[in-house]
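These notes concern the structure reproduced below.
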Amino acid sequence: MADDVAQSRGARVMNTYLVFIRVMPQLALLFIAFYGFARAWNWNLDATGACVLVFVLWGGAELGDLVRGALVSIPAIQYESAYMLGLTPWQTFTRVILPQALRRLLPGSVNLSTRIVKTTSLAVLLGVVEVIKVGQQIIDAHRFDYPQGTLWVYGVIFLMYFIVCWPLSLAARALERRWAD
Amino acid sequence: MLDWHFIAHYAPFFVLGARMTVIISVAGVALAMIVGLLCATVLEARVPFVRGVVRVYIEVSRNTPLLVQLYFLYFGLPKLGFVWSAETCAIVGLAFLGGSYMAESMRAGFDAVPAVQKENAYVLGLSRWQTFARVMLPQAAGTAMPGVVANVIFLIKESSVVSAIALADVMYMAKDLIGMYYSTYESLFMLIVAYLVILLPVSLLGTWMEKRFDYARR
């Protein structure tokens with residue numbers, strides 16, 4: 001499979017893209033998109049736009065890797081049997097391979113979604129007004145009349161991320177256990 | 001396109017930044033491995049009560065972002081009387097985040113060792129500690145290694161976030177130079193090179209380690 005992938009030029013370009021995106025820290029990708037693209041192509045991306053772009057590109061690369069893993073894990077005999085029974089390549093893919101691959105893909109992609117939710121916290125470093133920024137504004141507004149605020153505000157933000165991500169993690173684990181084959 | 005004089009002049013700053021990234025990462029990863037091994041051992045040995053605490057820790061640590069953990073450690077905890085330097089916060093934060101990821105990988109390694117191995121070791125008269133250190137650990141290490149290596153790379157990447165609590169790592173240098181001189185291309189170029197220089201050897205070493213410790217298949 002690895003050899004097949006390396007053969008076409010398109011695949012090689014995609015491979016370089018995957019390796020680059022996955023080896024760079026997400027914060028570095030955000031900086032490249034926010035500062036680099038603006039200068040290189042005169043794209044006037046605002047911070048939110050740059051974040052959305054990076055999460056699409058990075059999440060896409062990670063998800064692509066999961067999809068590849070799921071497709072590779074389908075044994076060759078599934079294809080062969082389907083062809084034997086007279087199914088066309090399209091029918092084989094949509095009726096035989098895809099249903100099995102999706103099942104193996106789902107736990108990993110739910111896990112990936114929690115990672116993306118967690119990574120969105122980096123948006124504050126580009127100046128997006130999201131939950132951490134709002135927290136900082138609350139802290140700054142009450143710096144003198146309630147100096148203990150930092151502890152509670154950051155504690156609440158901590159809890160908010162946990163409340164969003166925990167059910168997703170539980171769902172991923174439940175799916176994994178249910179569909180383990 | 002790139003101003004090489006600028007790069008030659010400011011490259012030493014990136015070397016300093018890379019040093020900070022490496023120091024924080026090495027300390028954080030080492031602590032994370034210790035925490036992970038302790039947690040995995042507690043889960044494996046089914047220690048009552050402590051096991052519940054470890055479970056809660058793993059869920060909390062895995063489901064919150066490092067940035068929020070760092071802000072909580074750096075800005076929140078001083079209100080309770082724990083005043084830590086930025087370096088300590090960064091290392092503790094990385095260890096807190098990485099400990100759970102390491103624990104999960106290592107537990108998967110322990111789970112993969114068949115129960116009969118433990119029983120045989122006891123039958124041969126090995127003590128509990130000998131069984132753990134000589135029989136379970138070497139076999140678990142092989143299975144756990146790919147996950148542990150992936151976690152190490154993940155933690156080095158995550159360490160870029162420590163620039164948010166004013167630690168001068170490579171990320172911080174890049175942001176500073178862009179802000180001061182508008183030298184976007186040069187700074188981003190040096191940033192990419194710095195991370196490649198740090199991460200590629202780790203990735204290669206990891207591949208070698210995976211083969212070296214693969215006792216099950218050797």
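Letters A, B, ... go to the chains of the structure tokens in the order shown; residues in each chain start at 1; ligands are counted from 1 in the same order.
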
Next item on the list: Up to 10 Å from chain A, what residues of chain B turn up? Count only C-alpha atoms and give them as a PyMOL selection string.
Entry: chain B and resi 59-80+153-161+163-164+170-171+174-175+178+182-189+191-192+195-196+199-200+203

Write out, as a PDB file, in the first residue's frame, the residues just selected, with C-alpha atoms.
ATOM      1  CA  GLU B  59      -9.762  12.300  32.476  1.00  0.00           C
ATOM      2  CA  VAL B  60      -9.129  15.867  33.689  1.00  0.00           C
ATOM      3  CA  SER B  61      -5.708  16.082  32.107  1.00  0.00           C
ATOM      4  CA  ARG B  62      -6.734  14.620  28.742  1.00  0.00           C
ATOM      5  CA  ASN B  63      -9.828  16.755  28.316  1.00  0.00           C
ATOM      6  CA  THR B  64      -8.420  20.222  28.978  1.00  0.00           C
ATOM      7  CA  PRO B  65      -6.016  22.262  26.816  1.00  0.00           C
ATOM      8  CA  LEU B  66      -2.426  22.863  27.925  1.00  0.00           C
ATOM      9  CA  LEU B  67      -2.829  26.625  27.534  1.00  0.00           C
ATOM     10  CA  VAL B  68      -5.645  26.717  30.103  1.00  0.00           C
ATOM     11  CA  GLN B  69      -3.660  24.436  32.438  1.00  0.00           C
ATOM     12  CA  LEU B  70      -0.678  26.790  32.164  1.00  0.00           C
ATOM     13  CA  TYR B  71      -2.759  29.931  32.782  1.00  0.00           C
ATOM     14  CA  PHE B  72      -4.302  28.240  35.807  1.00  0.00           C
ATOM     15  CA  LEU B  73      -0.869  27.266  37.174  1.00  0.00           C
ATOM     16  CA  TYR B  74       0.784  30.589  36.382  1.00  0.00           C
ATOM     17  CA  PHE B  75      -1.967  33.118  37.156  1.00  0.00           C
ATOM     18  CA  GLY B  76      -4.475  31.170  39.246  1.00  0.00           C
ATOM     19  CA  LEU B  77      -2.416  29.199  41.768  1.00  0.00           C
ATOM     20  CA  PRO B  78      -0.485  32.214  43.189  1.00  0.00           C
ATOM     21  CA  LYS B  79      -3.839  33.287  44.712  1.00  0.00           C
ATOM     22  CA  LEU B  80      -3.691  30.089  46.760  1.00  0.00           C
ATOM     23  CA  ILE B 153       6.750  14.298  19.778  1.00  0.00           C
ATOM     24  CA  PHE B 154       3.277  15.543  20.745  1.00  0.00           C
ATOM     25  CA  LEU B 155       4.662  17.039  23.987  1.00  0.00           C
ATOM     26  CA  ILE B 156       7.558  18.801  22.237  1.00  0.00           C
ATOM     27  CA  LYS B 157       5.023  20.320  19.837  1.00  0.00           C
ATOM     28  CA  GLU B 158       2.742  21.315  22.710  1.00  0.00           C
ATOM     29  CA  SER B 159       5.692  23.021  24.432  1.00  0.00           C
ATOM     30  CA  SER B 160       5.314  25.845  21.866  1.00  0.00           C
ATOM     31  CA  VAL B 161       2.415  27.045  24.036  1.00  0.00           C
ATOM     32  CA  SER B 163       5.562  31.239  24.984  1.00  0.00           C
ATOM     33  CA  ALA B 164       2.163  32.416  26.277  1.00  0.00           C
ATOM     34  CA  VAL B 170      11.477  29.547  19.585  1.00  0.00           C
ATOM     35  CA  MET B 171       7.830  30.546  19.223  1.00  0.00           C
ATOM     36  CA  ALA B 174       9.526  34.405  16.117  1.00  0.00           C
ATOM     37  CA  LYS B 175       6.670  36.489  17.500  1.00  0.00           C
ATOM     38  CA  ILE B 178       7.810  39.751  13.573  1.00  0.00           C
ATOM     39  CA  TYR B 182       8.095  43.022  10.340  1.00  0.00           C
ATOM     40  CA  SER B 183      10.545  40.350   9.186  1.00  0.00           C
ATOM     41  CA  THR B 184       7.740  37.850   8.640  1.00  0.00           C
ATOM     42  CA  TYR B 185       9.407  35.541   6.097  1.00  0.00           C
ATOM     43  CA  GLU B 186      12.749  35.333   7.864  1.00  0.00           C
ATOM     44  CA  SER B 187      11.230  34.729  11.315  1.00  0.00           C
ATOM     45  CA  LEU B 188       8.788  32.099  10.108  1.00  0.00           C
ATOM     46  CA  PHE B 189      11.560  30.436   8.101  1.00  0.00           C
ATOM     47  CA  LEU B 191      10.846  29.021  13.254  1.00  0.00           C
ATOM     48  CA  ILE B 192      10.138  26.167  10.820  1.00  0.00           C
ATOM     49  CA  TYR B 195      11.240  22.908  14.882  1.00  0.00           C
ATOM     50  CA  LEU B 196      12.449  20.614  12.099  1.00  0.00           C
ATOM     51  CA  LEU B 199      11.717  17.199  15.918  1.00  0.00           C
ATOM     52  CA  LEU B 200      13.268  15.232  13.040  1.00  0.00           C
ATOM     53  CA  SER B 203      11.311  11.141  15.202  1.00  0.00           C
TER      54      SER B 203
END

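Excluding stretch 46-57 of chain B itself and same-chain residues fewer than 6 positions from it, the residues having an atom within 10 Å of it are Gly36, Leu38, Cys39, Ala40, Phe96, Leu97, Gly99, Ser100 and Ala103 of chain B, counting only C-alpha atoms.
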
Deliver the residues from the most recent selection as a file, using C-alpha atoms, as an mmCIF file, in the first residue's frame.
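The result, written out as again-v1.cif:
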data_model
loop_
_atom_site.group_PDB
_atom_site.id
_atom_site.type_symbol
_atom_site.label_atom_id
_atom_site.label_comp_id
_atom_site.auth_asym_id
_atom_site.auth_seq_id
_atom_site.Cartn_x
_atom_site.Cartn_y
_atom_site.Cartn_z
ATOM 1 C CA GLY B 36 2.792 7.922 33.423
ATOM 2 C CA LEU B 38 3.415 5.385 38.210
ATOM 3 C CA CYS B 39 -0.179 5.796 37.004
ATOM 4 C CA ALA B 40 0.038 2.787 34.691
ATOM 5 C CA PHE B 96 0.520 17.139 34.048
ATOM 6 C CA LEU B 97 -0.679 16.929 30.445
ATOM 7 C CA GLY B 99 1.468 12.056 32.374
ATOM 8 C CA SER B 100 -2.010 10.929 31.335
ATOM 9 C CA ALA B 103 -0.128 6.385 31.317
#

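For B:Ala115, the set of protein, DNA and RNA residues having any atom at most 12 Å away, when counting only C-alpha atoms and skipping those fewer than 6 positions along the same chain, is Glu44, Ala121, Tyr122, Thr131, Val135 and Met136 of chain B.
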
Kindly export the residues of the current selection with N, CA and C atoms, as an mmCIF file, in the first residue's frame.
data_model
loop_
_atom_site.group_PDB
_atom_site.id
_atom_site.type_symbol
_atom_site.label_atom_id
_atom_site.label_comp_id
_atom_site.auth_asym_id
_atom_site.auth_seq_id
_atom_site.Cartn_x
_atom_site.Cartn_y
_atom_site.Cartn_z
ATOM 1 N N GLU B 44 -2.525 -1.005 36.707
ATOM 2 C CA GLU B 44 -2.236 -2.412 36.425
ATOM 3 C C GLU B 44 -2.351 -3.255 37.693
ATOM 4 N N ALA B 121 5.801 -16.554 36.034
ATOM 5 C CA ALA B 121 6.863 -15.940 36.823
ATOM 6 C C ALA B 121 6.679 -16.275 38.294
ATOM 7 N N TYR B 122 5.413 -16.214 38.780
ATOM 8 C CA TYR B 122 5.166 -16.545 40.187
ATOM 9 C C TYR B 122 5.503 -18.011 40.455
ATOM 10 N N THR B 131 8.947 -9.984 39.125
ATOM 11 C CA THR B 131 8.010 -10.254 38.035
ATOM 12 C C THR B 131 7.734 -8.983 37.249
ATOM 13 N N VAL B 135 9.944 -9.340 33.983
ATOM 14 C CA VAL B 135 9.066 -10.058 33.053
ATOM 15 C C VAL B 135 8.071 -9.117 32.369
ATOM 16 N N MET B 136 7.315 -8.359 33.192
ATOM 17 C CA MET B 136 6.254 -7.526 32.627
ATOM 18 C C MET B 136 6.813 -6.311 31.872
#

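Note that the spacing between atom CA of B:Met102 and atom CA of B:Arg212 amounts to 19.2 Å.
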
Check: Quick one: DSSP alpha helix (DSSP H) residues in stretch 6-210 of chain B, as number ranges by chain?
Finding: B: 6-45, 50-62, 66-71, 86-112, 115-123, 128-130, 137-158, 170-181, 184-210

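Taking atom CA of B:Ile23 and atom CA of B:Thr207 as endpoints, the distance between them is 22.2 Å.
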
Check: Within 7 Å of stretch 47-58 of chain A, counting only C-alpha atoms, which residues qualify if same-chain residues fewer than 5 places away don't, as number ranges by chain?
Finding: A: 21, 29-30, 33-34, 123, 126-128

Residues just named, written with C-alpha atoms as a compact mmCIF listing (two decimals), in the first residue's frame:
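Ended up saving to selection-v3.txt:
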# COMPACT_ATOMS: atom_id res chain seq x y z
CA ILE A 21 1.32 19.83 8.84
CA LEU A 29 0.85 26.82 11.82
CA LEU A 30 -1.38 29.58 13.20
CA ALA A 33 -1.28 31.45 8.36
CA PHE A 34 -1.83 34.71 10.24
CA ALA A 123 -6.79 31.25 19.07
CA LEU A 126 -3.64 35.54 17.78
CA GLY A 127 -6.06 37.92 19.48
CA VAL A 128 -9.39 36.18 18.86
